[in-house]
Amino acid sequence: MAGISGVPATAYASVVERVGRAWGLSALVGSIVALDGLFSVVRHLTYRSGTDLAIFDQAVWHLSRFSAPVSTIKGENLLGDHFDLLLVVLAPWYWVWSNPVMLLLAQSVLVGVSAVPVFLFARSRLGARAAYLLASAYAVFWGLQVGVGFEFHELAFAPLLIALAILFADQRRWRAFWIALVLLLCVKEDLSLLVVFFGIYLITVREVRRGLIAVLLGVAWFELATRWAIPHFAGGHRYTYWSYTQFGNDLPAAAWTAARSPWRLLHALVTPSQKATTLTALLGPFLFLSLLDRRVLLAVPLLLERFLSSNSLYWSTHFHYSMAIAPILAMSAAAGLHTVGTRLAARRRCAAQTGTSASMLVASLVLTLLVIQAPTLRLLTRREFYRGTTFAPGLSGAVAAVPPGASVITEDAVLPHISHRNFAGEIYTNGMADYLVTNVSQPVENTAPSAGVTWAQFGLVVAKHLQAMTPVYYNRGWVVARRPPAGQPPSNGVLIPLARSTAHSLAVTDFAWRVALGYAFARLQACSILAAHGDPRASGCVSTALNEARPKEVTLSRALGTARAVGGCRELQRVAADATGQVAADLGRLGRSVATRRTTALQADGVRLRYDFYDLDLPGRLDRFLILCSPRRPGAG
C-alpha cells in the first residue's frame with residue numbers, strides 16, 4: 001500500500017504526524033504570545049504601566065546607544081542594582097523600533113516560547129495529547145500571567161532558559177545544557193543559587209563531575225556578582241538585596257546559622273500563613289504531582305529565597321516572583337505523572353495521563369482566576385479595558401508637550417512614555433528638572449507615593465515644584481510646567497490668572513479654613529479618647545470641634561462660587577469647589593452622627609473624613625488651583 005506519489009503509507013503518516021505536531025505547538029505558542037502581548041501592550045498604551053517598565057526601557061535605550069545601562073529613574077547603573085547582563089541582547093531591537101512596547105513584546109515571546117521545552121519534555125513521557133494539555137496548563141499558570149501583566153523584568157528570560165536546561169539535561173545534551181546554564185547566570189545574580197541546585201540534582205542522578213562543576217560555578221558567580229561586580233557598578237556601594245539579616249549578613253553566615261539552628265529556618269518557612277497559601281497556589285495547578293519527581297529539588301532555592309526573606313512582598317502571589325519556578329513545577333509534574341503511570345496497565349495508562357493533564361489545565365485556569373484579581377483572559381474580553389483609565393484624557397497631549405531630550409520629573413503612569421532621555425525621574429524622589437508633568441485635579445490610579453508618604457504629602461511636593469515653574473500645557477487636569485531660565489520669574493503661562501484681589505481673598509479664606517480644620521482635627525483626637533472611655537462629654541466635644549470649622553467652610557464655598565475664572569483655571573476652580581464641598585459633606589455627616597449618638601457611625605465618618613483629607617488630598621486641589629491661577633507677573637490682574 002502506498003501513500004501520495006508512491007510514498008509508503010507509514011512514512012507518509014509519520015510526516016503528517018510531525019507536521020501536525022509542529023502546527024499544534026506553533027498554535028499553542030502563538031496563542032500565548034498573542035494574548036500576553038495584546039494584554040501588556042494595551043495596558044501600556046492606556047497608561048496602566050509604570051515605574052518598572054520605565055526603568056528597564058531607559059536602561060535598554062541607553063544600551064542601544066552604546067552607553068551604560070543607566071536609569072535615572074532608579075538612580076543608578078542597573079548593573080549596580082542587579083547583575084542582569086542578558087539585557088544587552090534586547091538593545092538591537094531598539095534599532096528597529098525604540099519603544100517600550102518592544103520590551104513587552106519580547107517578554108511575551110520569551111514566556112510563550114518557554115512552553116516548547118515544557119511540551120517536548122512532557123511528550124517524551126506522556127505522549128503528544130497529554131503534553132499539549134500540560135503545556136497549556138503551564139501557559140495559563142498564574143505565576144506566568146502575573147509576571148507578564150506586571151511591567152517588564154529581566155526574569156522574563158528565566159522560564160525559557162530553566163526549561164531548556166532541564167530538557168537538555170534530560171536528553172544528555174551537555175553542551176547545550178552548559179550554554180543554557182551560563183545564560184541563566186547572566187539573567188540575575190540570585191539565579192546562581194538555582195545553578196547550584198542544578199548541580200545538586202545532577203549529583204543525585206550520578207552525574208557527579210558535572211554536578212560539582214555546576215555547584216562551584218553557581219557559588220563562584222554569586223560571590224563574584226555580589227562582592228565585586230555589583231559594588232563596582234554601584235560606585236562602591238554594597239549589594240542591597242540581602243533581606244535575610246535575621247540569619248546573617250551574607251550567604252555564608254546565613255548557611256552557618258541554618259546548620260546550627262535549623263528550627264529557625266523551619267519556623268520562618270511556615271510563618272506567617274501567607275507562605276502556605278502561596279505554596280499551595282504554586283503546587284495546586286499541577287495537582288501536587290511535582291512532588292513526585294526529584295527535579296522539584298530545583299524549586300528549593302527559589303522558595304527559600306522568597307519565604308526566608310524578611311520582605312513580605314516575596315511571600316505573596318503578586319508581581320513577577322513566580323515566573324522562574326513555573327517550568328520547574330510543570331516539568332516535574334510531567335515526570336511525576338509518568339512515574340504514576342508506569343504503575344498502571346498499558347491500556348489504561350494513556351487515558352489516565354491524558355485525563356490528569358486535562359485536570360491540570362482546569363486546575364490551572366481556576367487558580368489563575370482565583371489568585372489574580374483581573375486575569376488576562378477576563379480583561380481582554382471587557383470593553384472598558386481598551387478604553388483606558390479615568391485619568392488618560394489629556395495625558396497624550398501632555399507627553400507630546402515635553403521636548404525630546406529635556407529632563408523631566410513626572411508620575412509613575414507617565415514615566416514609561418517619556419523615559420527615552422538622559423534624565424527622567426519621579427516627582428518625589430528626584431530634584432531639579434526642566435519639565436514637570438503631573439495631574440493637579442486627581443490622584444493618578446497607578447502612581448503610588450513611596451512607603452510612608454500620603455497623597456497629601458505627595459501634593460505638597462507637587463505644589464513646591466509648581467511654585468517655581470511656568471505651565472506650558474493644560475488639559476483636563478494635566479499640567480506640563482517648565483522651569484524658567486535663570487533670572488526669569490515663573491509666570492501663569494497658558495493659564496489665565498484670576499484678578500489679583502480675587503486671588504488674595506481666596507488665599508486668605510483658604511488659610512482661615514485650614515486653621516479651622518487643623519483645630520477641628522486636633523479636638524477630634526481628644527474627643528475620641530473621651531468616647532473610648534464612654535465619657536458623656538464626648539458628644540459636646542465633637543460638636544465644639546465641628547462648629548469652629550463650619551463657618552469657615554461656608555465662607556470659602558461662597559468665595560469659590562463667586563470667583564471669575566476662565567479656561568483651564570475655571571476647570572480647576574470647579575475641581576477645588578467640589579473637593580471642599582466633599583470635605584464639608586464629611587463634616588456634616590460626622591455632626592449628624594454626633595447628634596444621634598451613633599458610636600459606630602461616628603467612627604466610620606471620622607475615618608471617611610481623614611481618608612478624604614489625607615489619602616485623596618482634597619484640600620490639596622484647592623492649593624494647586626491657587627498656585628496655578630493666582631497672578632504671578634508683577635502688576636497682573
# chains A, B, ... in the order shown; residues from 1 in each chain; ligands from 1
>>> residues_around(residues="Leu329 of chain A", least_positions_apart="4", cutoff="7 Å", atoms="only C-alpha atoms", output="count of residues only")
4
>>> select_by_dssp(residues="segment 61-98 of chain A", states="strand (DSSP E or B)", output="PyMOL selection string")
chain A and resi 70-71+76-77
>>> closest_atom_pairs(of="segment 390-460 of chain A", to="segment 29-48 of chain A", cutoff="12 Å", atoms="only C-alpha atoms", output="Markdown table")
| residue | atom | partner | partner_atom | distance |
| --- | --- | --- | --- | --- |
| A:Thr390 | CA | A:Thr46 | CA | 9.9 |
| A:Phe391 | CA | A:Tyr47 | CA | 8.7 |
| A:Ala392 | CA | A:Tyr47 | CA | 6.7 |
| A:Pro393 | CA | A:Thr46 | CA | 9.9 |
| A:Gly394 | CA | A:Tyr47 | CA | 11.6 |
| A:Leu395 | CA | A:Tyr47 | CA | 8.7 |
| A:Ser396 | CA | A:Tyr47 | CA | 9.4 |
| A:Val399 | CA | A:Tyr47 | CA | 11.3 |
| A:Glu411 | CA | A:Tyr47 | CA | 10.9 |
| A:Asp412 | CA | A:Arg48 | CA | 9.3 |
| A:Ala413 | CA | A:Tyr47 | CA | 5.7 |
| A:Val414 | CA | A:Tyr47 | CA | 7.1 |
| A:Leu415 | CA | A:Tyr47 | CA | 9.6 |
| A:Pro416 | CA | A:His44 | CA | 8.2 |
| A:His417 | CA | A:Tyr47 | CA | 8.5 |
| A:Ile418 | CA | A:Tyr47 | CA | 11.9 |
| A:Val444 | CA | A:Arg48 | CA | 10.0 |
| A:Glu445 | CA | A:Arg48 | CA | 8.4 |
| A:Asn446 | CA | A:Arg48 | CA | 6.6 |
| A:Thr447 | CA | A:Arg48 | CA | 9.5 |
>>> residues_around(residues="Ser243 of chain A", least_positions_apart="3", cutoff="12 Å", atoms="only C-alpha atoms", output="MDAnalysis selection string")
chainID A and resid 239:240 246:251 254 304:314
>>> write_last_selection(atoms="N, CA and C atoms", output="PDB file, in the first residue's frame")
ATOM      1  N   TYR A 239      26.046  45.293  47.996  1.00  0.00           N
ATOM      2  CA  TYR A 239      24.849  44.625  47.475  1.00  0.00           C
ATOM      3  C   TYR A 239      23.699  44.872  48.442  1.00  0.00           C
ATOM      4  N   THR A 240      22.576  45.395  47.926  1.00  0.00           N
ATOM      5  CA  THR A 240      21.496  45.872  48.807  1.00  0.00           C
ATOM      6  C   THR A 240      20.299  44.936  48.881  1.00  0.00           C
ATOM      7  N   GLN A 246      18.170  38.360  59.593  1.00  0.00           N
ATOM      8  CA  GLN A 246      17.842  37.603  60.806  1.00  0.00           C
ATOM      9  C   GLN A 246      18.662  36.327  60.918  1.00  0.00           C
ATOM     10  N   PHE A 247      19.284  35.906  59.788  1.00  0.00           N
ATOM     11  CA  PHE A 247      20.130  34.714  59.789  1.00  0.00           C
ATOM     12  C   PHE A 247      21.611  35.044  59.645  1.00  0.00           C
ATOM     13  N   GLY A 248      21.923  36.237  59.172  1.00  0.00           N
ATOM     14  CA  GLY A 248      23.316  36.618  58.976  1.00  0.00           C
ATOM     15  C   GLY A 248      23.434  37.724  57.956  1.00  0.00           C
ATOM     16  N   ASN A 249      24.624  38.306  57.870  1.00  0.00           N
ATOM     17  CA  ASN A 249      24.826  39.452  56.982  1.00  0.00           C
ATOM     18  C   ASN A 249      25.179  39.063  55.554  1.00  0.00           C
ATOM     19  N   ASP A 250      25.434  37.787  55.296  1.00  0.00           N
ATOM     20  CA  ASP A 250      25.703  37.325  53.939  1.00  0.00           C
ATOM     21  C   ASP A 250      25.370  35.840  53.850  1.00  0.00           C
ATOM     22  N   LEU A 251      25.572  35.261  52.651  1.00  0.00           N
ATOM     23  CA  LEU A 251      25.193  33.865  52.428  1.00  0.00           C
ATOM     24  C   LEU A 251      25.961  32.885  53.307  1.00  0.00           C
ATOM     25  N   ALA A 254      24.527  33.079  56.815  1.00  0.00           N
ATOM     26  CA  ALA A 254      23.185  32.504  56.883  1.00  0.00           C
ATOM     27  C   ALA A 254      23.235  30.978  56.830  1.00  0.00           C
ATOM     28  N   LEU A 304      13.128  29.068  49.033  1.00  0.00           N
ATOM     29  CA  LEU A 304      13.863  29.566  50.197  1.00  0.00           C
ATOM     30  C   LEU A 304      14.147  31.058  50.065  1.00  0.00           C
ATOM     31  N   GLU A 305      14.517  31.461  48.867  1.00  0.00           N
ATOM     32  CA  GLU A 305      14.821  32.871  48.633  1.00  0.00           C
ATOM     33  C   GLU A 305      13.626  33.755  48.974  1.00  0.00           C
ATOM     34  N   ARG A 306      12.441  33.276  48.670  1.00  0.00           N
ATOM     35  CA  ARG A 306      11.237  34.072  48.912  1.00  0.00           C
ATOM     36  C   ARG A 306      10.752  33.955  50.360  1.00  0.00           C
ATOM     37  N   PHE A 307      10.610  32.728  50.845  1.00  0.00           N
ATOM     38  CA  PHE A 307       9.934  32.518  52.123  1.00  0.00           C
ATOM     39  C   PHE A 307      10.817  32.799  53.340  1.00  0.00           C
ATOM     40  N   LEU A 308      12.128  32.798  53.161  1.00  0.00           N
ATOM     41  CA  LEU A 308      13.010  33.138  54.275  1.00  0.00           C
ATOM     42  C   LEU A 308      13.294  34.633  54.340  1.00  0.00           C
ATOM     43  N   SER A 309      12.887  35.350  53.320  1.00  0.00           N
ATOM     44  CA  SER A 309      13.148  36.784  53.276  1.00  0.00           C
ATOM     45  C   SER A 309      12.279  37.523  54.290  1.00  0.00           C
ATOM     46  N   SER A 310      12.796  38.632  54.778  1.00  0.00           N
ATOM     47  CA  SER A 310      12.010  39.495  55.654  1.00  0.00           C
ATOM     48  C   SER A 310      11.120  40.443  54.864  1.00  0.00           C
ATOM     49  N   ASN A 311      11.247  40.417  53.541  1.00  0.00           N
ATOM     50  CA  ASN A 311      10.423  41.265  52.668  1.00  0.00           C
ATOM     51  C   ASN A 311       9.112  40.541  52.362  1.00  0.00           C
ATOM     52  N   SER A 312       8.018  41.030  52.891  1.00  0.00           N
ATOM     53  CA  SER A 312       6.730  40.347  52.755  1.00  0.00           C
ATOM     54  C   SER A 312       6.232  40.305  51.311  1.00  0.00           C
ATOM     55  N   LEU A 313       6.733  41.173  50.446  1.00  0.00           N
ATOM     56  CA  LEU A 313       6.310  41.142  49.043  1.00  0.00           C
ATOM     57  C   LEU A 313       6.676  39.806  48.392  1.00  0.00           C
ATOM     58  N   TYR A 314       7.780  39.194  48.828  1.00  0.00           N
ATOM     59  CA  TYR A 314       8.212  37.931  48.242  1.00  0.00           C
ATOM     60  C   TYR A 314       7.278  36.772  48.590  1.00  0.00           C
TER      61      TYR A 314
END
>>> residues_around(residues="Thr555 of chain A", least_positions_apart="5", cutoff="10 Å", atoms="only C-alpha atoms", output="NGL selection string")
:A and (506 or 509-510 or 512-513 or 550 or 560-561)
>>> write_last_selection(atoms="N, CA and C atoms", output="mmCIF file, in the first residue's frame")
data_model
loop_
_atom_site.group_PDB
_atom_site.id
_atom_site.type_symbol
_atom_site.label_atom_id
_atom_site.label_comp_id
_atom_site.auth_asym_id
_atom_site.auth_seq_id
_atom_site.Cartn_x
_atom_site.Cartn_y
_atom_site.Cartn_z
ATOM 1 N N LEU A 506 -9.250 84.717 48.134
ATOM 2 C CA LEU A 506 -9.323 83.251 48.229
ATOM 3 C C LEU A 506 -8.200 82.691 49.084
ATOM 4 N N THR A 509 -9.011 83.322 52.729
ATOM 5 C CA THR A 509 -10.113 82.455 53.165
ATOM 6 C C THR A 509 -9.658 81.012 53.293
ATOM 7 N N ASP A 510 -8.829 80.586 52.354
ATOM 8 C CA ASP A 510 -8.286 79.221 52.411
ATOM 9 C C ASP A 510 -7.448 79.031 53.668
ATOM 10 N N ALA A 512 -7.702 80.613 56.537
ATOM 11 C CA ALA A 512 -8.579 80.549 57.706
ATOM 12 C C ALA A 512 -9.273 79.193 57.800
ATOM 13 N N TRP A 513 -9.670 78.666 56.661
ATOM 14 C CA TRP A 513 -10.333 77.340 56.625
ATOM 15 C C TRP A 513 -9.368 76.251 57.086
ATOM 16 N N ARG A 550 -17.210 74.900 60.446
ATOM 17 C CA ARG A 550 -18.313 75.083 59.501
ATOM 18 C C ARG A 550 -18.406 76.507 58.947
ATOM 19 N N LEU A 560 -15.334 80.686 46.452
ATOM 20 C CA LEU A 560 -15.052 79.883 45.258
ATOM 21 C C LEU A 560 -16.172 79.993 44.235
ATOM 22 N N GLY A 561 -17.401 80.082 44.714
ATOM 23 C CA GLY A 561 -18.532 80.166 43.793
ATOM 24 C C GLY A 561 -18.597 81.479 43.049
#
>>> residues_around(residues="segment 624-631 of chain A", least_positions_apart="5", cutoff="9 Å", atoms="only C-alpha atoms", output="PyMOL selection string")
chain A and resi 440-441+459+462-463+466-467+470-471+491-492+495-500+502-504+506-507+565+568-569+572-573+575-576+636-637
>>> residues_around(residues="Ser528 of chain A", least_positions_apart="4", cutoff="12 Å", atoms="only C-alpha atoms", output="PyMOL selection string")
chain A and resi 521-524+532-542+545+594+599+602-603+606-607
